[in-house]
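**Q** Just dropping this structure here.
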Amino acid sequence: MAVNTYKQNEQLQAAKKSATLVRMFSRLLDYKKEVAGVLLLLLVTVSVTLVNPLIIERAVNVEVPEKNVRGLIGLAVFAVVINVIWLVGTRVYKIIMARISNRIVLDIREEMYAHIQTLGLCFFDSRATGKVLSRIIGDVDSLKDVLSSSVTTLIPSFFTIIAVSVIMLVKSPALALAAFATLPFLAAGVFVTMIVGHRRWQEEKQKKSNINAYVHENFSGIRIIQSFNAEEESRETFRRVVEEHRRAWIGAVFVMDGVSPIIDVTWAVGSFLLYYIAVSALGMGETQVGTILAFSTYLSMFWSPIRNLASLYNQIVNNLAGAERIFEIMDQEPEIRDSEGAYELPPIEGRVVFDHVDFAYPDDPGTPVLTDLSFDIAPGSTIALVGPTGAGKTTITNLIARFYDVTGGEICIDSHPVSAVTVKSLRSQMGIMTQENFLFSDTVRENIRYGKLDATEEEIVAAAKAVGAHEFIMKMEKGYDTKLDGTASLSVGQRQLIAFARTLLSEPRILILDEATSSIDTHTELMVQRGIAALLKGRTSFVVAHRLSTIKKADQIFVIDEQGIQERGTHEELLRKKGEYYKLYQAAWEE
């Protein structure tokens with residue numbers, strides 16, 4: 001199946017920017033009381049900043065000419081009090097918003113993680129793991145600052161601009177209009193920057209995602225890199241991927257940095273017009289110095305929040321790309337989900353029926369993998385699936401566990417269509433093992449217990465003994481309490497044995513072993529035969545394997561190729577036929 005690697009930029013579905021912003025900021029509604037408290041504090045602090053120029057105007061125009069020391073002291077005390085209130089209020093609302101934004105980021109990350117777990121294998125087949133990590137970690141983190149700033153910067157800045165504009169218009173419409181004359185040029189510049197900047201930030205996010213994908217892939221395959229002395233080639237590729245990201249980042253920053261010069265120019269021109277109109281056109285003299293100072297202060301108060309808004313705008317445009325990437329994944333519907341009216345699969349005996357099953361992978365629907373496949377497996381039978389790579393052996397086991405849905409026909413377990421029962425109840429009665437069984441960074445005990453979370457110590461030990469793992473576990477430094485975090489040196493075979501114990505503990509009614517013994521050496525295989533027998537006993541089992549020792553004891557062997565099941569029967573029956581299985585057997589014997 002096609003995988004979106006570090007060499008390819010992810011293609012995002014088109015989304016309305018306004019809808020994405022509304023969806024992002026609507027998260028604040030979950031914290032209405034806290035946000036309301038912040039808004040109240042913002043109202044108080046903004047009011048203080050609006051009063052300060054009026055205090056200056058009063059002092060210069062009235063108290064100083066009249067030499068009213070008492071009045072000046074009173075204004076000074078009043079200014080100190082309200083500015084202390086401003087200082088405390090600002091500190092408090094920033095703390096509250098930091099807590100809210102962190103909580104929202106945590107909520108989004110948890111929701112995203114939970115949602116990704118519901119997505120089918122097609123989702124993971126079509127993209128590198130590093131790119132998924134990039135979204136759930138980097139993109140989610142990028143929302144924190146913009147969520148906080150949206151309240152602490154956007155609202156007070158907007159309110160300040162409106163209030164200052166009203167005050168300036170009331171005090172002197174001519175001066176106000178002179179100061180505001182450059183706003184249309186600012187709006188046009190910002191609009192153009194937003195369109196270009198958003199595209200640049202989208203590209204930057206894609207390049208950063210490529211870095212994550214490359215690093216994850218290389219560290220996962222570090223043994224291969226070192227064994228082939230490919231460190232220098234790997235570093236060179238890494239430098240190239242990083243350089244692509246650097247260029248994308250510089251391109252985005254270059255565009256967004258254009259907002260500040262636009263603001264500076266329009267601010268400077270507006271200030272010039274203010275003083276020119278005040279002195280030349282209106283003839284304001286020394287008697288109105290306080291008014292000019294107040295207007296100058298208000299003009300600064302008008303443009304400062306615009307600069308703040310420009311910075312916030314830069315943040316929003318940047319993080320809007322991250323929000324789009326987050327919501328694109330959260331909007332993806334799981335390919336495999338419970339159908340309407342799905343019911344719990346009752347305890348099963350293990351009969352498996354394929355009834356004229358067709359299947360093609362979703363990303364390549366024109367290439368059938370299985371065509372008109374039918375078979376009926378009795379409960380407790382062991383079925384070995386053999387055949388060339390790509391013939392569909394693993395696909396069959398994936399369909400039984402409903403990791404994919406069939407494109408035609410039906411699969412039933414104990415007469416229950418797998419599409420009609422809940423996915424959880426279906427998979428809870430299955431045990432699935434592959435050659436790449438994963439062990440968590442936890443103790444041996446907890447890794448085995450993962451098969452049955454409420455298992456007792458006796459059950460854990462019994463499962464380990466059954467598969468032949470108990471002996472080597474007890475030789476480890478801390479026995480079952482040994483942590484498998486890289487400090488415990490386990491062979492591939494020993495890791496498989498622990499995975500065997502975990503599967504046995506889950507007591508599955510249907511067992512799938514997909515090349516589960518391919519990584520075990522011959523000596524270890526002899527040790528684990530008893531464990532395999534314990535796993536197979538009393539349950540329906542599908543074994544995909546090349547080792548004859550695993551295949552020979554199967555109740556039936558299916559020889560599969562691109563045309564479906566070409567031969568079926570016991571080991572002895574198929575040898576007597578001298579068909580495809582006989583050829584495979586002879587080839588394996590010669591090896």
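To be explicit about the labels: the chains of the structure tokens are called A, B, and onward in the order shown, and within each one the residues are counted from 1, while ligands get numbers from 1 in the order they are shown.
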With a distance cut-off of 10 Å and only C-alpha atoms, select the neighbouring residues of A:Met433, excluding the residue or stretch itself and same-chain residues fewer than 5 positions from it, and output the selection as a PDB file with C-alpha atoms, in the first residue's frame.

**A**
ATOM      1  CA  PHE A 438       5.747  -5.151  20.514  1.00  0.00           C
ATOM      2  CA  GLN A 496       8.528 -13.688  21.255  1.00  0.00           C
ATOM      3  CA  ALA A 499       4.448 -12.211  23.635  1.00  0.00           C
ATOM      4  CA  PHE A 500       3.285 -15.848  23.452  1.00  0.00           C
ATOM      5  CA  ARG A 502       0.617 -12.557  26.819  1.00  0.00           C
ATOM      6  CA  THR A 503      -1.521 -14.044  24.056  1.00  0.00           C
ATOM      7  CA  LEU A 511      -5.869 -17.498  17.383  1.00  0.00           C
ATOM      8  CA  ILE A 512      -3.900 -15.915  14.528  1.00  0.00           C
ATOM      9  CA  LEU A 513      -0.160 -16.565  14.256  1.00  0.00           C
ATOM     10  CA  ASP A 514       1.228 -14.508  11.375  1.00  0.00           C
ATOM     11  CA  GLU A 515       4.853 -15.555  10.912  1.00  0.00           C
ATOM     12  CA  ALA A 516       5.019 -15.579  14.724  1.00  0.00           C
ATOM     13  CA  THR A 517       7.952 -18.014  14.811  1.00  0.00           C
ATOM     14  CA  VAL A 543      -1.125 -20.063  11.181  1.00  0.00           C
TER      15      VAL A 543
END

**Q** Excluding A:Ile396 and residues on its chain fewer than 6 positions from it, collect all residues at most 12 Å away from it, counting only C-alpha atoms, and give them as a ChimeraX atom specification.

**A** /A:352-354,357-360,369-371,373-375,383-386,390,402-406,411,512-514,542-544,558,560,564-565

**Q** Would you save the residues of that selection, restricted to N, CA, C and O atoms, as a compact mmCIF listing (two decimals), in the first residue's frame?

**A**
# COMPACT_ATOMS: atom_id res chain seq x y z
N VAL A 352 -15.39 -20.53 11.62
CA VAL A 352 -15.12 -19.40 10.74
C VAL A 352 -15.51 -19.77 9.32
O VAL A 352 -15.07 -20.79 8.78
N VAL A 353 -16.36 -18.92 8.70
CA VAL A 353 -16.84 -19.17 7.34
C VAL A 353 -16.55 -17.97 6.46
O VAL A 353 -16.93 -16.84 6.81
N PHE A 354 -15.87 -18.19 5.35
CA PHE A 354 -15.72 -17.20 4.27
C PHE A 354 -16.69 -17.57 3.17
O PHE A 354 -16.61 -18.68 2.61
N VAL A 357 -15.88 -14.41 -0.65
CA VAL A 357 -15.29 -13.13 -0.22
C VAL A 357 -14.41 -12.54 -1.31
O VAL A 357 -13.56 -13.23 -1.90
N ASP A 358 -14.62 -11.26 -1.58
CA ASP A 358 -13.75 -10.47 -2.46
C ASP A 358 -13.13 -9.36 -1.62
O ASP A 358 -13.76 -8.83 -0.69
N PHE A 359 -11.88 -9.00 -1.97
CA PHE A 359 -11.25 -7.90 -1.24
C PHE A 359 -10.19 -7.22 -2.09
O PHE A 359 -9.42 -7.87 -2.82
N ALA A 360 -10.17 -5.87 -1.99
CA ALA A 360 -9.12 -5.05 -2.58
C ALA A 360 -8.83 -3.94 -1.57
O ALA A 360 -9.74 -3.44 -0.90
N VAL A 369 -7.20 -8.49 -4.28
CA VAL A 369 -6.26 -9.35 -3.56
C VAL A 369 -6.87 -10.73 -3.34
O VAL A 369 -6.20 -11.75 -3.46
N LEU A 370 -8.17 -10.75 -3.04
CA LEU A 370 -8.90 -12.01 -2.89
C LEU A 370 -10.13 -11.96 -3.80
O LEU A 370 -10.80 -10.92 -3.89
N THR A 371 -10.42 -13.07 -4.45
CA THR A 371 -11.58 -13.13 -5.36
C THR A 371 -12.36 -14.41 -5.11
O THR A 371 -11.81 -15.52 -5.21
N LEU A 373 -13.46 -16.07 -2.53
CA LEU A 373 -12.82 -17.01 -1.60
C LEU A 373 -13.86 -17.58 -0.64
O LEU A 373 -14.59 -16.83 0.02
N SER A 374 -13.93 -18.91 -0.56
CA SER A 374 -14.90 -19.56 0.34
C SER A 374 -14.23 -20.72 1.07
O SER A 374 -13.44 -21.48 0.49
N PHE A 375 -14.53 -20.84 2.34
CA PHE A 375 -14.13 -22.00 3.13
C PHE A 375 -14.92 -22.00 4.43
O PHE A 375 -15.49 -20.99 4.84
N ILE A 383 -5.52 -24.23 11.01
CA ILE A 383 -5.39 -24.05 9.57
C ILE A 383 -4.06 -23.36 9.28
O ILE A 383 -3.78 -22.28 9.82
N ALA A 384 -3.25 -23.97 8.45
CA ALA A 384 -1.99 -23.37 8.04
C ALA A 384 -2.17 -22.74 6.66
O ALA A 384 -2.74 -23.35 5.75
N LEU A 385 -1.72 -21.51 6.52
CA LEU A 385 -1.81 -20.79 5.25
C LEU A 385 -0.41 -20.66 4.68
O LEU A 385 0.48 -20.05 5.30
N VAL A 386 -0.18 -21.25 3.51
CA VAL A 386 1.14 -21.19 2.88
C VAL A 386 0.99 -20.68 1.47
O VAL A 386 -0.10 -20.73 0.87
N GLY A 390 2.62 -12.05 -0.90
CA GLY A 390 1.66 -11.24 -1.65
C GLY A 390 0.45 -12.01 -2.12
O GLY A 390 -0.42 -11.45 -2.82
N ARG A 402 -11.29 -8.26 11.25
CA ARG A 402 -11.94 -7.06 10.73
C ARG A 402 -11.07 -5.81 10.87
O ARG A 402 -11.53 -4.76 11.30
N PHE A 403 -9.81 -5.95 10.49
CA PHE A 403 -8.97 -4.77 10.35
C PHE A 403 -9.30 -4.05 9.04
O PHE A 403 -9.00 -2.88 8.88
N TYR A 404 -9.89 -4.81 8.12
CA TYR A 404 -10.42 -4.25 6.89
C TYR A 404 -11.80 -4.87 6.66
O TYR A 404 -12.09 -5.95 7.19
N ASP A 405 -12.61 -4.20 5.88
CA ASP A 405 -13.91 -4.75 5.50
C ASP A 405 -13.82 -5.36 4.11
O ASP A 405 -13.13 -4.84 3.23
N VAL A 406 -14.54 -6.47 3.92
CA VAL A 406 -14.55 -7.12 2.61
C VAL A 406 -15.23 -6.20 1.60
O VAL A 406 -16.08 -5.37 1.96
N ILE A 411 -18.11 -12.70 5.85
CA ILE A 411 -17.36 -13.54 6.79
C ILE A 411 -18.21 -13.70 8.03
O ILE A 411 -18.70 -12.71 8.59
N ILE A 512 -4.56 -16.20 15.80
CA ILE A 512 -3.90 -15.91 14.53
C ILE A 512 -2.41 -15.77 14.79
O ILE A 512 -1.98 -14.90 15.56
N LEU A 513 -1.62 -16.64 14.17
CA LEU A 513 -0.16 -16.56 14.26
C LEU A 513 0.36 -16.22 12.86
O LEU A 513 0.39 -17.07 11.98
N ASP A 514 0.75 -14.97 12.68
CA ASP A 514 1.23 -14.51 11.37
C ASP A 514 2.75 -14.42 11.39
O ASP A 514 3.32 -13.44 11.86
N PHE A 542 -5.35 -19.92 12.97
CA PHE A 542 -4.86 -19.68 11.61
C PHE A 542 -3.38 -19.35 11.72
O PHE A 542 -2.99 -18.40 12.39
N VAL A 543 -2.57 -20.19 11.06
CA VAL A 543 -1.13 -20.06 11.18
C VAL A 543 -0.54 -19.74 9.81
O VAL A 543 -0.65 -20.53 8.87
N VAL A 544 0.04 -18.54 9.71
CA VAL A 544 0.78 -18.17 8.50
C VAL A 544 2.25 -18.41 8.81
O VAL A 544 2.82 -17.75 9.69
N PHE A 558 -3.89 -24.74 3.66
CA PHE A 558 -4.38 -24.04 2.48
C PHE A 558 -3.17 -23.52 1.70
O PHE A 558 -2.37 -22.75 2.24
N ILE A 560 -2.16 -21.06 -1.01
CA ILE A 560 -2.80 -19.88 -1.58
C ILE A 560 -1.88 -19.20 -2.57
O ILE A 560 -0.68 -19.05 -2.33
N GLY A 564 -6.38 -17.65 -5.43
CA GLY A 564 -7.15 -18.13 -4.29
C GLY A 564 -6.54 -19.39 -3.70
O GLY A 564 -5.33 -19.59 -3.76
N ILE A 565 -7.39 -20.25 -3.14
CA ILE A 565 -6.92 -21.50 -2.55
C ILE A 565 -6.77 -22.54 -3.66
O ILE A 565 -7.76 -22.98 -4.25

**Q** Neighbours of A:Thr297 within 12 Å (only C-alpha atoms; same-chain residues fewer than 6 positions away dropped), as a ChimeraX atom specification?

**A** /A:49-57,164,167-168,271,274,290-291,303-304

**Q** Which residue is closest to A:Ile557? Choose from A:Met430, A:Ala545, A:Met330, A:Val259 and count only C-alpha atoms.

**A**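 Nearest candidate to A:Ile557 out of A:Met430, A:Ala545, A:Met330, A:Val259: A:Ala545.
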
**Q** So, with only C-alpha atoms as the atoms that count, which of A:Gln117, A:Ser150, A:Ser441, A:Thr397 lies closest to A:Pro334?

**A** A:Gln117

**Q** Enter the distance from atom CA of A:Glu243 to atom CA of A:Ile211, in Å, rounded to one decimal.

**A**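 Computing it gives 10.0 Å between the two atoms.
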
**Q** Please provide the set of residues having any atom within 12 Å of A:Val92, restricted to only C-alpha atoms, with same-chain residues fewer than 6 positions apart removed, written as number ranges by chain.

**A** A: 34, 37-42, 45, 85-86, 98-99, 152

**Q** Just the number, please: distance in Å from atom CA of A:Glu344 to atom CA of A:Asp414, one decimal.

**A**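 We find that atom CA of A:Glu344 and atom CA of A:Asp414 lie 13.0 Å from each other.
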
**Q** Tell me which of A:Val64, A:Leu320, A:Ile326, A:Val146 sits closest to A:Ser18, counting only C-alpha atoms.

**A** A:Leu320

**Q** Find the residues around A:Asn212 up to 9 Å (only C-alpha atoms counted), leave out those fewer than 3 positions away in its own chain, and share them as a list in words.

**A**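 Near neighbours after the sequence-gap exclusion: Tyr6, Thr129, Gly130, Lys131, Val132, Leu133, Ser134, Lys207, Lys208, Ser209, Val215, His216 and Glu217 of chain A.
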
**Q** At a cut-off of 12 Å, using only C-alpha atoms, what residues contact A:Glu459? Leave out same-chain residues fewer than 5 positions from it and give the result as a PyMOL selection string.

**A** chain A and resi 445+448-449+451-454+464-466+501-502+504-507

**Q** Suppose we keep N, CA, C and O atoms; can you now write the selection as a PDB file, in the first residue's frame?

**A**
ATOM      1  N   ARG A 445       6.172  -8.679  33.996  1.00  0.00           N
ATOM      2  CA  ARG A 445       4.846  -9.013  34.513  1.00  0.00           C
ATOM      3  C   ARG A 445       3.745  -8.205  33.815  1.00  0.00           C
ATOM      4  O   ARG A 445       2.739  -8.756  33.366  1.00  0.00           O
ATOM      5  N   ILE A 448       3.090  -9.221  30.190  1.00  0.00           N
ATOM      6  CA  ILE A 448       2.272 -10.430  30.069  1.00  0.00           C
ATOM      7  C   ILE A 448       0.828 -10.131  30.471  1.00  0.00           C
ATOM      8  O   ILE A 448      -0.126 -10.558  29.816  1.00  0.00           O
ATOM      9  N   ARG A 449       0.656  -9.352  31.552  1.00  0.00           N
ATOM     10  CA  ARG A 449      -0.678  -9.045  32.054  1.00  0.00           C
ATOM     11  C   ARG A 449      -1.510  -8.243  31.037  1.00  0.00           C
ATOM     12  O   ARG A 449      -2.733  -8.196  31.123  1.00  0.00           O
ATOM     13  N   GLY A 451      -2.375  -9.006  28.298  1.00  0.00           N
ATOM     14  CA  GLY A 451      -3.347  -9.894  27.668  1.00  0.00           C
ATOM     15  C   GLY A 451      -4.614 -10.057  28.482  1.00  0.00           C
ATOM     16  O   GLY A 451      -5.668 -10.404  27.946  1.00  0.00           O
ATOM     17  N   LYS A 452      -4.522  -9.799  29.798  1.00  0.00           N
ATOM     18  CA  LYS A 452      -5.681  -9.895  30.694  1.00  0.00           C
ATOM     19  C   LYS A 452      -5.383  -9.010  31.893  1.00  0.00           C
ATOM     20  O   LYS A 452      -4.664  -9.406  32.803  1.00  0.00           O
ATOM     21  N   LEU A 453      -5.921  -7.803  31.873  1.00  0.00           N
ATOM     22  CA  LEU A 453      -5.516  -6.775  32.819  1.00  0.00           C
ATOM     23  C   LEU A 453      -5.815  -7.135  34.270  1.00  0.00           C
ATOM     24  O   LEU A 453      -5.172  -6.604  35.179  1.00  0.00           O
ATOM     25  N   ASP A 454      -6.777  -8.033  34.507  1.00  0.00           N
ATOM     26  CA  ASP A 454      -7.105  -8.414  35.876  1.00  0.00           C
ATOM     27  C   ASP A 454      -6.515  -9.767  36.260  1.00  0.00           C
ATOM     28  O   ASP A 454      -6.957 -10.415  37.209  1.00  0.00           O
ATOM     29  N   ALA A 464       3.389 -18.056  31.426  1.00  0.00           N
ATOM     30  CA  ALA A 464       4.811 -18.037  31.094  1.00  0.00           C
ATOM     31  C   ALA A 464       5.386 -19.450  31.065  1.00  0.00           C
ATOM     32  O   ALA A 464       6.197 -19.796  30.199  1.00  0.00           O
ATOM     33  N   LYS A 465       4.975 -20.279  32.034  1.00  0.00           N
ATOM     34  CA  LYS A 465       5.462 -21.657  32.066  1.00  0.00           C
ATOM     35  C   LYS A 465       4.966 -22.440  30.862  1.00  0.00           C
ATOM     36  O   LYS A 465       5.699 -23.248  30.275  1.00  0.00           O
ATOM     37  N   ALA A 466       3.718 -22.191  30.468  1.00  0.00           N
ATOM     38  CA  ALA A 466       3.116 -22.949  29.371  1.00  0.00           C
ATOM     39  C   ALA A 466       3.863 -22.745  28.056  1.00  0.00           C
ATOM     40  O   ALA A 466       3.968 -23.667  27.235  1.00  0.00           O
ATOM     41  N   ALA A 501       3.210 -15.710  25.875  1.00  0.00           N
ATOM     42  CA  ALA A 501       2.570 -15.803  27.193  1.00  0.00           C
ATOM     43  C   ALA A 501       1.428 -14.790  27.297  1.00  0.00           C
ATOM     44  O   ALA A 501       0.361 -15.083  27.849  1.00  0.00           O
ATOM     45  N   ARG A 502       1.646 -13.591  26.790  1.00  0.00           N
ATOM     46  CA  ARG A 502       0.617 -12.557  26.819  1.00  0.00           C
ATOM     47  C   ARG A 502      -0.623 -12.996  26.042  1.00  0.00           C
ATOM     48  O   ARG A 502      -1.758 -12.809  26.495  1.00  0.00           O
ATOM     49  N   LEU A 504      -1.512 -16.145  25.291  1.00  0.00           N
ATOM     50  CA  LEU A 504      -2.137 -17.284  25.958  1.00  0.00           C
ATOM     51  C   LEU A 504      -2.983 -16.827  27.143  1.00  0.00           C
ATOM     52  O   LEU A 504      -4.069 -17.361  27.394  1.00  0.00           O
ATOM     53  N   LEU A 505      -2.501 -15.811  27.860  1.00  0.00           N
ATOM     54  CA  LEU A 505      -3.222 -15.312  29.027  1.00  0.00           C
ATOM     55  C   LEU A 505      -4.574 -14.722  28.643  1.00  0.00           C
ATOM     56  O   LEU A 505      -5.522 -14.743  29.436  1.00  0.00           O
ATOM     57  N   SER A 506      -4.688 -14.195  27.432  1.00  0.00           N
ATOM     58  CA  SER A 506      -5.952 -13.579  27.008  1.00  0.00           C
ATOM     59  C   SER A 506      -7.037 -14.605  26.704  1.00  0.00           C
ATOM     60  O   SER A 506      -8.196 -14.247  26.499  1.00  0.00           O
ATOM     61  N   GLU A 507      -6.652 -15.878  26.650  1.00  0.00           N
ATOM     62  CA  GLU A 507      -7.599 -16.975  26.422  1.00  0.00           C
ATOM     63  C   GLU A 507      -8.466 -16.738  25.185  1.00  0.00           C
ATOM     64  O   GLU A 507      -9.693 -16.738  25.254  1.00  0.00           O
TER      65      GLU A 507
END

**Q** With DSSP run on the backbone, what are the alpha helix (DSSP H) residues within stretch 96-307 of chain A? I'd like them as a PyMOL selection string.

**A** chain A and resi 96-118+121-125+129-133+140-141+143-149+155-171+173-180+183-220+222-227+231-256+259-276+289-307

**Q** I'd like the interatomic distance between atom CA of A:Thr182 and atom CA of A:Gln315, to a tenth of an Å.

**A**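 Separation of atom CA of A:Thr182 and atom CA of A:Gln315: 24.0 Å.
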
**Q** Taking into account only C-alpha atoms, which residue in the set A:Asn447, A:Thr540, A:Gln563, A:Ser26 is nearest to A:Pro368?

**A**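 Once distances to A:Pro368 are computed over only C-alpha atoms, the minimum belongs to A:Gln563.
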
**Q** For a quick check of understanding, using only C-alpha atoms, which of A:Val81, A:Val253, A:Asn308, A:Ile225 has the smallest distance to A:Ser149?

**A** A:Asn308
